[in-house]
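Pasted below: data_23.pdb, PDB, C-alpha atoms and all ligand atoms.
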ATOM      1  CA  MET A  24      67.684  87.998 160.390
ATOM      2  CA  GLN A  25      65.733  84.783 159.990
ATOM      3  CA  VAL A  26      67.801  81.615 159.599
ATOM      4  CA  PHE A  27      66.489  78.578 157.687
ATOM      5  CA  THR A  28      67.917  75.128 157.198
ATOM      6  CA  THR A  29      65.094  73.582 155.165
ATOM      7  CA  ILE A  30      63.883  74.432 151.677
ATOM      8  CA  ASN A  31      60.202  74.352 152.715
ATOM      9  CA  SER A  32      60.546  76.780 155.616
ATOM     10  CA  LEU A  33      62.581  79.252 153.540
ATOM     11  CA  GLN A  34      60.115  79.062 150.656
ATOM     12  CA  LEU A  35      57.186  79.700 152.991
ATOM     13  CA  ALA A  36      58.817  82.856 154.378
ATOM     14  CA  LEU A  37      59.860  84.058 150.904
ATOM     15  CA  LYS A  38      56.358  83.497 149.500
ATOM     16  CA  ILE A  39      55.049  86.072 151.962
ATOM     17  CA  ALA A  40      57.983  88.480 151.464
ATOM     18  CA  ARG A  41      57.679  88.301 147.679
ATOM     19  CA  THR A  42      54.094  89.626 147.655
ATOM     20  CA  SER A  43      55.272  93.158 148.488
ATOM     21  CA  HIS A  44      59.087  93.128 148.187
ATOM     22  CA  THR A  45      61.771  92.517 145.605
ATOM     23  CA  ILE A  46      64.282  89.818 146.549
ATOM     24  CA  GLY A  47      68.029  90.116 146.043
ATOM     25  CA  PHE A  48      70.044  86.913 146.412
ATOM     26  CA  VAL A  49      73.714  86.403 147.310
ATOM     27  CA  PRO A  50      74.772  82.725 147.136
ATOM     28  CA  THR A  51      77.974  81.960 149.059
ATOM     29  CA  MET A  52      79.982  79.091 150.484
ATOM     30  CA  GLY A  53      80.509  80.948 153.770
ATOM     31  CA  ALA A  54      83.825  82.038 155.372
ATOM     32  CA  LEU A  55      82.491  85.491 154.612
ATOM     33  CA  HIS A  56      84.791  88.476 154.109
ATOM     34  CA  GLU A  57      84.495  92.064 152.911
ATOM     35  CA  GLY A  58      84.178  90.875 149.315
ATOM     36  CA  HIS A  59      80.926  89.104 150.221
ATOM     37  CA  MET A  60      79.816  92.195 152.149
ATOM     38  CA  SER A  61      80.291  94.260 148.985
ATOM     39  CA  LEU A  62      77.932  91.827 147.189
ATOM     40  CA  ILE A  63      75.367  92.306 149.939
ATOM     41  CA  LYS A  64      75.752  96.109 149.798
ATOM     42  CA  SER A  65      75.150  96.010 146.019
ATOM     43  CA  ALA A  66      72.154  93.729 146.555
ATOM     44  CA  LYS A  67      70.690  96.132 149.122
ATOM     45  CA  LYS A  68      70.817  99.036 146.674
ATOM     46  CA  LYS A  69      68.666  97.084 144.212
ATOM     47  CA  SER A  70      66.384  94.971 146.411
ATOM     48  CA  ASP A  71      63.964  95.339 149.330
ATOM     49  CA  LYS A  72      64.886  92.043 150.995
ATOM     50  CA  ILE A  73      68.185  90.156 150.970
ATOM     51  CA  VAL A  74      68.621  86.389 150.988
ATOM     52  CA  VAL A  75      72.097  84.941 151.560
ATOM     53  CA  SER A  76      72.835  81.237 151.284
ATOM     54  CA  ILE A  77      75.797  79.485 152.869
ATOM     55  CA  PHE A  78      76.384  76.079 151.337
ATOM     56  CA  VAL A  79      79.724  74.432 150.665
ATOM     57  CA  ASN A  80      78.693  72.630 147.516
ATOM     58  CA  PRO A  81      80.451  69.247 147.299
ATOM     59  CA  THR A  82      79.835  68.715 143.573
ATOM     60  CA  GLN A  83      81.923  71.713 142.478
ATOM     61  CA  PHE A  84      85.151  70.492 144.127
ATOM     62  CA  ASP A  85      87.409  68.418 141.926
ATOM     63  CA  LYS A  86      89.697  67.574 144.847
ATOM     64  CA  GLN A  87      88.340  65.997 148.039
ATOM     65  CA  GLU A  88      91.179  67.669 149.988
ATOM     66  CA  ASP A  89      89.960  71.118 148.893
ATOM     67  CA  LEU A  90      86.425  70.341 150.046
ATOM     68  CA  THR A  91      87.606  68.972 153.406
ATOM     69  CA  ASN A  92      89.820  72.014 154.008
ATOM     70  CA  TYR A  93      87.283  74.608 152.890
ATOM     71  CA  PRO A  94      87.120  77.116 155.772
ATOM     72  CA  SER A  95      83.955  77.248 157.877
ATOM     73  CA  THR A  96      83.292  80.228 160.170
ATOM     74  CA  ILE A  97      79.540  80.014 160.610
ATOM     75  CA  GLN A  98      79.196  82.010 163.861
ATOM     76  CA  THR A  99      81.277  84.930 162.525
ATOM     77  CA  ASP A 100      79.351  84.700 159.237
ATOM     78  CA  ILE A 101      76.038  85.057 161.076
ATOM     79  CA  GLU A 102      77.322  88.084 163.025
ATOM     80  CA  LEU A 103      78.597  89.730 159.837
ATOM     81  CA  LEU A 104      75.301  89.132 158.049
ATOM     82  CA  GLU A 105      73.354  90.555 160.978
ATOM     83  CA  SER A 106      75.553  93.656 160.962
ATOM     84  CA  GLU A 107      74.756  94.071 157.232
ATOM     85  CA  SER A 108      71.007  93.686 157.979
ATOM     86  CA  CYS A 109      70.608  90.609 155.834
ATOM     87  CA  ASP A 110      66.952  89.473 156.049
ATOM     88  CA  PHE A 111      67.050  85.730 155.335
ATOM     89  CA  LEU A 112      69.922  83.283 155.733
ATOM     90  CA  PHE A 113      69.664  79.810 154.192
ATOM     91  CA  ILE A 114      72.084  77.171 155.515
ATOM     92  CA  PRO A 115      70.979  73.818 154.099
ATOM     93  CA  SER A 116      72.695  70.487 154.693
ATOM     94  CA  VAL A 117      74.069  68.416 151.813
ATOM     95  CA  LYS A 118      71.131  66.030 152.327
ATOM     96  CA  GLU A 119      68.610  68.878 152.083
ATOM     97  CA  MET A 120      70.060  70.005 148.748
ATOM     98  CA  TYR A 121      70.960  66.667 147.152
ATOM     99  CA  ALA A 122      68.952  64.026 149.070
ATOM    100  CA  GLU A 123      70.857  60.765 148.423
ATOM    101  CA  ASN A 124      72.201  61.783 145.004
ATOM    102  CA  VAL A 125      75.277  63.992 145.498
ATOM    103  CA  LYS A 126      75.980  64.369 141.783
ATOM    104  CA  ALA A 127      76.322  67.284 139.392
ATOM    105  CA  LYS A 128      73.986  67.581 136.416
ATOM    106  CA  SER A 129      75.480  68.127 132.994
ATOM    107  CA  PHE A 130      75.081  71.547 131.357
ATOM    108  CA  ASP A 131      75.785  72.986 127.945
ATOM    109  CA  PHE A 132      77.402  76.360 128.561
ATOM    110  CA  ASP A 133      78.286  76.858 124.867
ATOM    111  CA  GLY A 134      81.960  76.181 125.575
ATOM    112  CA  LEU A 135      82.355  78.838 128.292
ATOM    113  CA  ASP A 136      83.308  76.048 130.687
ATOM    114  CA  GLN A 137      85.959  74.500 128.440
ATOM    115  CA  VAL A 138      88.707  77.040 129.162
ATOM    116  CA  MET A 139      90.667  78.351 132.162
ATOM    117  CA  GLU A 140      88.999  77.192 135.413
ATOM    118  CA  GLY A 141      86.891  74.631 133.553
ATOM    119  CA  ALA A 142      89.957  73.183 131.818
ATOM    120  CA  HIS A 143      91.879  72.922 135.096
ATOM    121  CA  ARG A 144      89.084  71.827 137.450
ATOM    122  CA  GLN A 145      87.273  68.812 136.034
ATOM    123  CA  GLY A 146      83.469  69.077 136.388
ATOM    124  CA  HIS A 147      83.690  72.285 138.434
ATOM    125  CA  PHE A 148      81.176  74.317 136.435
ATOM    126  CA  ASN A 149      78.629  71.493 136.185
ATOM    127  CA  GLY A 150      78.739  71.450 140.002
ATOM    128  CA  VAL A 151      78.312  75.231 140.174
ATOM    129  CA  GLY A 152      75.484  75.117 137.608
ATOM    130  CA  THR A 153      73.697  72.338 139.512
ATOM    131  CA  VAL A 154      73.667  74.117 142.842
ATOM    132  CA  VAL A 155      73.023  77.645 141.533
ATOM    133  CA  LYS A 156      70.101  76.430 139.395
ATOM    134  CA  GLN A 157      68.592  74.700 142.406
ATOM    135  CA  LEU A 158      69.138  77.748 144.627
ATOM    136  CA  PHE A 159      67.463  79.992 142.022
ATOM    137  CA  GLU A 160      64.490  77.589 141.896
ATOM    138  CA  ILE A 161      64.217  77.673 145.683
ATOM    139  CA  VAL A 162      64.729  81.413 146.268
ATOM    140  CA  LYS A 163      63.168  82.747 143.023
ATOM    141  CA  PRO A 164      65.005  86.053 143.397
ATOM    142  CA  ASN A 165      64.500  89.167 141.254
ATOM    143  CA  SER A 166      68.257  89.587 141.055
ATOM    144  CA  ALA A 167      71.346  87.618 142.103
ATOM    145  CA  PHE A 168      74.822  88.985 142.793
ATOM    146  CA  PHE A 169      78.177  87.381 141.946
ATOM    147  CA  GLY A 170      81.728  88.675 142.344
ATOM    148  CA  GLU A 171      83.807  89.443 139.285
ATOM    149  CA  LYS A 172      86.754  87.656 140.910
ATOM    150  CA  ASP A 173      85.112  84.497 139.555
ATOM    151  CA  PHE A 174      84.493  86.191 136.201
ATOM    152  CA  GLN A 175      84.201  82.921 134.280
ATOM    153  CA  GLN A 176      81.627  81.686 136.800
ATOM    154  CA  LEU A 177      79.696  84.950 136.380
ATOM    155  CA  GLN A 178      79.537  84.534 132.570
ATOM    156  CA  ILE A 179      78.553  80.865 132.928
ATOM    157  CA  ILE A 180      75.726  81.711 135.316
ATOM    158  CA  LYS A 181      74.464  84.395 132.910
ATOM    159  CA  LYS A 182      74.508  81.735 130.179
ATOM    160  CA  MET A 183      72.594  79.272 132.377
ATOM    161  CA  VAL A 184      69.974  81.912 133.221
ATOM    162  CA  GLU A 185      69.522  82.605 129.507
ATOM    163  CA  LYS A 186      69.323  78.914 128.551
ATOM    164  CA  GLU A 187      67.054  77.855 131.428
ATOM    165  CA  LYS A 188      64.902  80.977 130.859
ATOM    166  CA  PHE A 189      65.038  82.149 134.470
ATOM    167  CA  SER A 190      63.460  85.566 134.843
ATOM    168  CA  LEU A 191      66.048  87.190 137.053
ATOM    169  CA  GLN A 192      68.858  89.659 136.634
ATOM    170  CA  ILE A 193      72.461  88.560 137.225
ATOM    171  CA  ILE A 194      74.629  91.361 138.512
ATOM    172  CA  GLY A 195      78.428  91.236 138.555
ATOM    173  CA  VAL A 196      80.125  93.118 141.381
ATOM    174  CA  PRO A 197      83.714  94.425 140.976
ATOM    175  CA  ILE A 198      86.543  92.585 142.738
ATOM    176  CA  PHE A 199      87.087  93.706 146.317
ATOM    177  CA  ARG A 200      90.792  93.887 147.175
ATOM    178  CA  GLU A 201      92.937  93.987 150.295
ATOM    179  CA  SER A 202      94.872  97.274 150.689
ATOM    180  CA  ASP A 203      97.918  95.591 149.073
ATOM    181  CA  GLY A 204      95.866  94.558 146.029
ATOM    182  CA  LEU A 205      95.282  90.869 146.776
ATOM    183  CA  ALA A 206      91.778  89.901 145.626
ATOM    184  CA  MET A 207      89.655  88.953 148.630
ATOM    185  CA  SER A 208      88.949  85.253 148.832
ATOM    186  CA  SER A 209      87.979  82.777 151.528
ATOM    187  CA  ARG A 210      91.141  80.882 150.553
ATOM    188  CA  ASN A 211      93.399  83.804 151.626
ATOM    189  CA  ALA A 212      92.858  82.765 155.251
ATOM    190  CA  ARG A 213      94.711  79.526 154.487
ATOM    191  CA  LEU A 214      97.865  81.244 153.202
ATOM    192  CA  THR A 215     100.980  80.968 155.371
ATOM    193  CA  ASP A 216     102.425  84.330 156.512
ATOM    194  CA  SER A 217     105.158  84.184 153.904
ATOM    195  CA  PHE A 218     102.779  83.305 151.025
ATOM    196  CA  ARG A 219     100.402  86.037 152.221
ATOM    197  CA  LYS A 220     103.295  88.508 151.815
ATOM    198  CA  GLU A 221     104.107  87.163 148.315
ATOM    199  CA  ALA A 222     100.504  86.987 147.042
ATOM    200  CA  PRO A 223     100.061  90.711 146.081
ATOM    201  CA  PHE A 224     102.615  89.971 143.328
ATOM    202  CA  ILE A 225      99.712  88.415 141.392
ATOM    203  CA  TYR A 226      97.743  91.649 141.055
ATOM    204  CA  GLU A 227     100.938  93.711 140.601
ATOM    205  CA  THR A 228     101.772  91.504 137.607
ATOM    206  CA  LEU A 229      98.228  91.771 136.231
ATOM    207  CA  GLN A 230      98.465  95.566 136.346
ATOM    208  CA  LYS A 231     101.845  95.512 134.575
ATOM    209  CA  ALA A 232     100.473  93.024 132.027
ATOM    210  CA  LYS A 233      97.649  95.474 131.276
ATOM    211  CA  VAL A 234     100.195  98.204 130.471
ATOM    212  CA  PHE A 235     102.304  95.725 128.450
ATOM    213  CA  PHE A 236      99.205  94.613 126.484
ATOM    214  CA  GLY A 237      98.568  98.272 125.556
ATOM    215  CA  MET A 238     101.762  98.165 123.462
ATOM    216  CA  ASN A 239     102.127  94.475 122.585
ATOM    217  CA  SER A 240     100.164  91.513 121.228
ATOM    218  CA  ALA A 241      98.202  89.092 123.428
ATOM    219  CA  LEU A 242     100.743  86.357 122.675
ATOM    220  CA  ASN A 243     103.702  88.544 123.692
ATOM    221  CA  THR A 244     101.879  89.578 126.869
ATOM    222  CA  ILE A 245     101.294  85.924 127.774
ATOM    223  CA  GLU A 246     104.967  85.121 127.173
ATOM    224  CA  TRP A 247     105.991  88.126 129.270
ATOM    225  CA  VAL A 248     103.822  87.051 132.241
ATOM    226  CA  GLU A 249     104.993  83.426 131.985
ATOM    227  CA  ASP A 250     108.584  84.642 132.028
ATOM    228  CA  VAL A 251     107.984  86.913 135.043
ATOM    229  CA  PHE A 252     106.457  84.018 137.007
ATOM    230  CA  SER A 253     109.152  81.541 135.983
ATOM    231  CA  LYS A 254     111.593  83.805 137.861
ATOM    232  CA  HIS A 255     109.458  84.047 140.994
ATOM    233  CA  PRO A 256     110.997  81.983 143.800
ATOM    234  CA  THR A 257     107.771  80.616 145.315
ATOM    235  CA  LEU A 258     104.571  81.447 143.400
ATOM    236  CA  LYS A 259     103.764  78.935 140.633
ATOM    237  CA  LEU A 260     101.751  80.072 137.627
ATOM    238  CA  GLU A 261      99.065  77.592 136.562
ATOM    239  CA  TYR A 262      97.736  79.664 133.675
ATOM    240  CA  PHE A 263      97.630  83.208 132.367
ATOM    241  CA  SER A 264      95.157  83.838 129.607
ATOM    242  CA  ILE A 265      93.829  86.798 127.646
ATOM    243  CA  ALA A 266      90.274  86.248 126.515
ATOM    244  CA  ASN A 267      87.291  88.003 125.034
ATOM    245  CA  GLU A 268      85.109  89.078 127.949
ATOM    246  CA  THR A 269      81.849  87.800 126.461
ATOM    247  CA  ASP A 270      82.631  84.392 124.944
ATOM    248  CA  LEU A 271      85.882  83.808 126.928
ATOM    249  CA  LYS A 272      87.610  82.728 123.712
ATOM    250  CA  THR A 273      91.387  83.146 123.832
ATOM    251  CA  ALA A 274      92.465  86.348 122.127
ATOM    252  CA  THR A 275      94.777  85.385 119.285
ATOM    253  CA  SER A 276      94.354  88.675 117.439
ATOM    254  CA  THR A 277      92.512  91.607 119.013
ATOM    255  CA  ASN A 278      89.629  93.668 117.686
ATOM    256  CA  PRO A 279      89.288  97.273 118.969
ATOM    257  CA  ASN A 280      85.492  96.830 119.245
ATOM    258  CA  GLU A 281      85.776  93.889 121.652
ATOM    259  CA  LYS A 282      86.548  93.893 125.378
ATOM    260  CA  TYR A 283      89.360  91.694 126.667
ATOM    261  CA  ARG A 284      90.304  90.518 130.121
ATOM    262  CA  ALA A 285      93.394  88.837 131.530
ATOM    263  CA  PHE A 286      92.840  85.804 133.769
ATOM    264  CA  ILE A 287      95.343  84.170 136.085
ATOM    265  CA  ALA A 288      95.586  81.159 138.407
ATOM    266  CA  VAL A 289      98.579  80.793 140.715
ATOM    267  CA  PHE A 290      99.607  78.285 143.354
ATOM    268  CA  ALA A 291     100.899  79.798 146.597
ATOM    269  CA  GLY A 292     102.075  76.512 148.083
ATOM    270  CA  LYS A 293      98.963  74.322 148.115
ATOM    271  CA  ILE A 294      96.563  77.270 147.921
ATOM    272  CA  ARG A 295      95.260  78.103 144.477
ATOM    273  CA  LEU A 296      94.507  81.781 143.913
ATOM    274  CA  ILE A 297      92.714  83.299 140.932
ATOM    275  CA  ASP A 298      92.379  86.896 139.786
ATOM    276  CA  ASN A 299      91.581  88.864 136.639
ATOM    277  CA  ILE A 300      91.781  92.374 135.227
ATOM    278  CA  ALA A 301      89.878  94.236 132.520
ATOM    279  CA  LEU A 302      92.251  95.221 129.715
ATOM    280  CA  TYR A 303      90.320  98.345 128.646
TER     281      TYR A 303
HETATM  282  O1  LIG B 401      81.263  81.543 144.149
HETATM  283  C1  LIG B 401      80.881  80.766 145.058
HETATM  284  O2  LIG B 401      81.019  81.010 146.243
HETATM  285  C2  LIG B 401      80.212  79.456 144.653
HETATM  286  O3  LIG B 401      80.737  78.964 143.454
HETATM  287  C3  LIG B 401      78.673  79.576 144.547
HETATM  288  C4  LIG B 401      78.256  80.545 143.456
HETATM  289  C5  LIG B 401      78.095  80.013 145.876
HETATM  290  C6  LIG B 401      78.061  78.214 144.198
HETATM  291  O4  LIG B 401      78.369  77.253 145.146
END
So that I can check it, write out the structure of this file as C-alpha cells.
Ligand code: PAF
Amino acid sequence: MQVFTTINSLQLALKIARTSHTIGFVPTMGALHEGHMSLIKSAKKKSDKIVVSIFVNPTQFDKQEDLTNYPSTIQTDIELLESESCDFLFIPSVKEMYAENVKAKSFDFDGLDQVMEGAHRQGHFNGVGTVVKQLFEIVKPNSAFFGEKDFQQLQIIKKMVEKEKFSLQIIGVPIFRESDGLAMSSRNARLTDSFRKEAPFIYETLQKAKVFFGMNSALNTIEWVEDVFSKHPTLKLEYFSIANETDLKTATSTNPNEKYRAFIAVFAGKIRLIDNIALY
C-alpha cells in the first residue's frame, strides 16, 4: 500500500493508475473497524484499485469537544488496510485540505439536510459536503462507497454528485453490526462498559418498531418508541423519525409505493449513537 500525505503526490500516482484501472474510493475519518472493512470489500468487488482516505474533517463537527475526542488509531488503521490489500492511502493534514481557511462551503441539498442529523448538528452536512467534494476532485474515482449507517449522509452525497455533475457512482453499503446488533461505529470504542451493554437496546427497539409500524401508523410508531425510551433508565432518545427513503421527508401518511425508513439518535452518556432500519 502506498501512503500519501499531499494532494499532488496522490494525484500523480492516481493519474498513472487511472490509465488502465478503475478506482474505487472509501473516504473515512479513521479509527477503522469491520464496518469500514465491509466498505473496502464492496469497493474491491467493483474496482481494480482502492483508495482510502483518513481525514478527521474539522468543519463537520458542531462541537469542539467531539472533534478533540474523535478516536485516532492510525497505526492499527494502516495494518488493517494493508491486510485488506488497499492500494492507496491518503492521510492529509488540515492545512493540506483547507490551507488557511478552515471553513465549510454552503450547499443546497434540496432540504435533505434540514431534518434529523442536519436539524440536530448545525452545519454538519455543509462540512461533509465541503470535504467530500474536495476529496472527489482530488481522487476522481469511478465509484465511492458509503455506509448506510449514515443513511442521510449517503442521500446527501448522492444529491451533491447529481448537482455538481460528478461522473461517479455512489454506492451504499448495508450497516455492519456487532453480534449483539449494535451498529458498528468509531464512537462505540468510547462507550463505558455499562453503556456498551445497554446500547444493543437501540437496534432491538428499531426491530420492534418495524413490526409495530406494520400494523400501526407512523405517528403511533413514533409515540410508541418515545414511550419505550422514556422508560429506559440510562439511554436518552434524541429523535426517532420515520421518513421517506428518497427525499427524507417525515412520513405523516404512508403510500404503499414508497419506501420508508426509521431513523434514531440516542445519547449513551455523552456518546451520541445513530442507527436506522428499512421498514419494508
Ligand atoms: O462518514 C464519515 O466518516 C465522514 O462523514 C466522511 C464521509 C469521511 C467525510 O468526512
Would you list the residues near (60.8, 80.3, 152.1), meaning any protein, DNA or RNA residue with an atom at most 12 Å from that point in file coordinates, counting all atoms listed in the file, as a JSON list (two decimals) with C-alpha atoms, in the coordinates of the input?
[["chain", "number", "residue", "atom", "x", "y", "z"],
["A", 25, "GLN", "CA", 65.73, 84.78, 159.99],
["A", 26, "VAL", "CA", 67.80, 81.61, 159.60],
["A", 27, "PHE", "CA", 66.49, 78.58, 157.69],
["A", 28, "THR", "CA", 67.92, 75.13, 157.20],
["A", 29, "THR", "CA", 65.09, 73.58, 155.16],
["A", 30, "ILE", "CA", 63.88, 74.43, 151.68],
["A", 31, "ASN", "CA", 60.20, 74.35, 152.72],
["A", 32, "SER", "CA", 60.55, 76.78, 155.62],
["A", 33, "LEU", "CA", 62.58, 79.25, 153.54],
["A", 34, "GLN", "CA", 60.12, 79.06, 150.66],
["A", 35, "LEU", "CA", 57.19, 79.70, 152.99],
["A", 36, "ALA", "CA", 58.82, 82.86, 154.38],
["A", 37, "LEU", "CA", 59.86, 84.06, 150.90],
["A", 38, "LYS", "CA", 56.36, 83.50, 149.50],
["A", 39, "ILE", "CA", 55.05, 86.07, 151.96],
["A", 40, "ALA", "CA", 57.98, 88.48, 151.46],
["A", 41, "ARG", "CA", 57.68, 88.30, 147.68],
["A", 46, "ILE", "CA", 64.28, 89.82, 146.55],
["A", 74, "VAL", "CA", 68.62, 86.39, 150.99],
["A", 110, "ASP", "CA", 66.95, 89.47, 156.05],
["A", 111, "PHE", "CA", 67.05, 85.73, 155.34],
["A", 112, "LEU", "CA", 69.92, 83.28, 155.73],
["A", 113, "PHE", "CA", 69.66, 79.81, 154.19],
["A", 158, "LEU", "CA", 69.14, 77.75, 144.63],
["A", 160, "GLU", "CA", 64.49, 77.59, 141.90],
["A", 161, "ILE", "CA", 64.22, 77.67, 145.68],
["A", 162, "VAL", "CA", 64.73, 81.41, 146.27],
["A", 163, "LYS", "CA", 63.17, 82.75, 143.02],
["A", 164, "PRO", "CA", 65.00, 86.05, 143.40]]
Within 7 Å of ligand LIG 401 (chain B): each chain A residue with its shortest pair, all atoms listed in the file, as CSV:
residue,atom,partner,partner_atom,distance
A:Pro50,CA,B:LIG401,C5,4.5
A:Thr51,CA,B:LIG401,C5,3.7
A:Met52,CA,B:LIG401,O2,4.8
A:Phe78,CA,B:LIG401,O4,6.6
A:Val79,CA,B:LIG401,O4,6.3
A:Asn80,CA,B:LIG401,O4,5.2
A:Val151,CA,B:LIG401,C6,5.0
A:Val154,CA,B:LIG401,O4,6.1
A:Val155,CA,B:LIG401,C6,5.7
A:Phe169,CA,B:LIG401,O1,7.0
A:Asp173,CA,B:LIG401,O1,6.7
Could you save those same residues with C-alpha atoms as a short mmCIF file (atom, residue, chain, number, x, y, z; two decimals), in the coordinates of the input?
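As a result, again36.cif now contains:
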data_model
loop_
_atom_site.label_atom_id
_atom_site.label_comp_id
_atom_site.auth_asym_id
_atom_site.auth_seq_id
_atom_site.Cartn_x
_atom_site.Cartn_y
_atom_site.Cartn_z
CA PRO A 50 74.77 82.72 147.14
CA THR A 51 77.97 81.96 149.06
CA MET A 52 79.98 79.09 150.48
CA PHE A 78 76.38 76.08 151.34
CA VAL A 79 79.72 74.43 150.66
CA ASN A 80 78.69 72.63 147.52
CA VAL A 151 78.31 75.23 140.17
CA VAL A 154 73.67 74.12 142.84
CA VAL A 155 73.02 77.64 141.53
CA PHE A 169 78.18 87.38 141.95
CA ASP A 173 85.11 84.50 139.56
#
Would you compute, for all listed atoms of segment 260-277 of chain A, the axis-aligned bounding box grown by 3 Å on each side, and then report its centre and edge lengths in Å rounded to one decimal, as lines of an AutoDock Vina configuration file?
center_x = 91.8
center_y = 84.6
center_z = 127.5
size_x = 25.9
size_y = 20.0
size_z = 26.2
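Reported to one decimal place, the separation of atom CA of Phe48 of chain A from atom CA of Pro115 of chain A is 15.2 Å.
Of the listed residues (A:Ile77, A:Ala54, A:Ile179, A:Ala274), A:Ile179 comes nearest to Ile193 of chain A; the distances count all atoms listed in the file.
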- request: Name the residues captured by the PyMOL selection byres (((chain A and resi 258-260) around 8) and not hetatm) when it is applied to the shown file; answer as a PyMOL selection string.
  value: chain A and resi 221-222+249+252-253+255-257+261-263+287-292
For a cut-off of 12 Å around (84.1, 93.8, 153.9), file coordinates, pick out all residues using only C-alpha atoms and list them as a CSV table (one decimal) with C-alpha atoms, in the frame of the given file.
chain,number,residue,atom,x,y,z
A,54,ALA,CA,83.8,82.0,155.4
A,55,LEU,CA,82.5,85.5,154.6
A,56,HIS,CA,84.8,88.5,154.1
A,57,GLU,CA,84.5,92.1,152.9
A,58,GLY,CA,84.2,90.9,149.3
A,59,HIS,CA,80.9,89.1,150.2
A,60,MET,CA,79.8,92.2,152.1
A,61,SER,CA,80.3,94.3,149.0
A,62,LEU,CA,77.9,91.8,147.2
A,63,ILE,CA,75.4,92.3,149.9
A,64,LYS,CA,75.8,96.1,149.8
A,100,ASP,CA,79.4,84.7,159.2
A,103,LEU,CA,78.6,89.7,159.8
A,104,LEU,CA,75.3,89.1,158.0
A,106,SER,CA,75.6,93.7,161.0
A,107,GLU,CA,74.8,94.1,157.2
A,198,ILE,CA,86.5,92.6,142.7
A,199,PHE,CA,87.1,93.7,146.3
A,200,ARG,CA,90.8,93.9,147.2
A,201,GLU,CA,92.9,94.0,150.3
A,202,SER,CA,94.9,97.3,150.7
A,206,ALA,CA,91.8,89.9,145.6
A,207,MET,CA,89.7,89.0,148.6
A,208,SER,CA,88.9,85.3,148.8
A,209,SER,CA,88.0,82.8,151.5
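Among the candidates A:Ser116, A:Ser240, A:Gln175, A:Thr45, the one nearest to Glu268 of chain A when counting all atoms listed in the file is A:Gln175.
The nearest approach to Ile300 of chain A among the residues A:Val234, A:Val251, A:Leu191, A:Val75, with all atoms listed in the file taken into account, belongs to A:Val234.
On the file presented, the PyMOL selection byres (((chain A and resi 126) around 10) and not hetatm) picks out Pro81, Thr82, Gln83, Tyr121, Glu123, Asn124, Val125, Ala127, Lys128, Ser129, Asn149, Gly150 and Thr153 of chain A.
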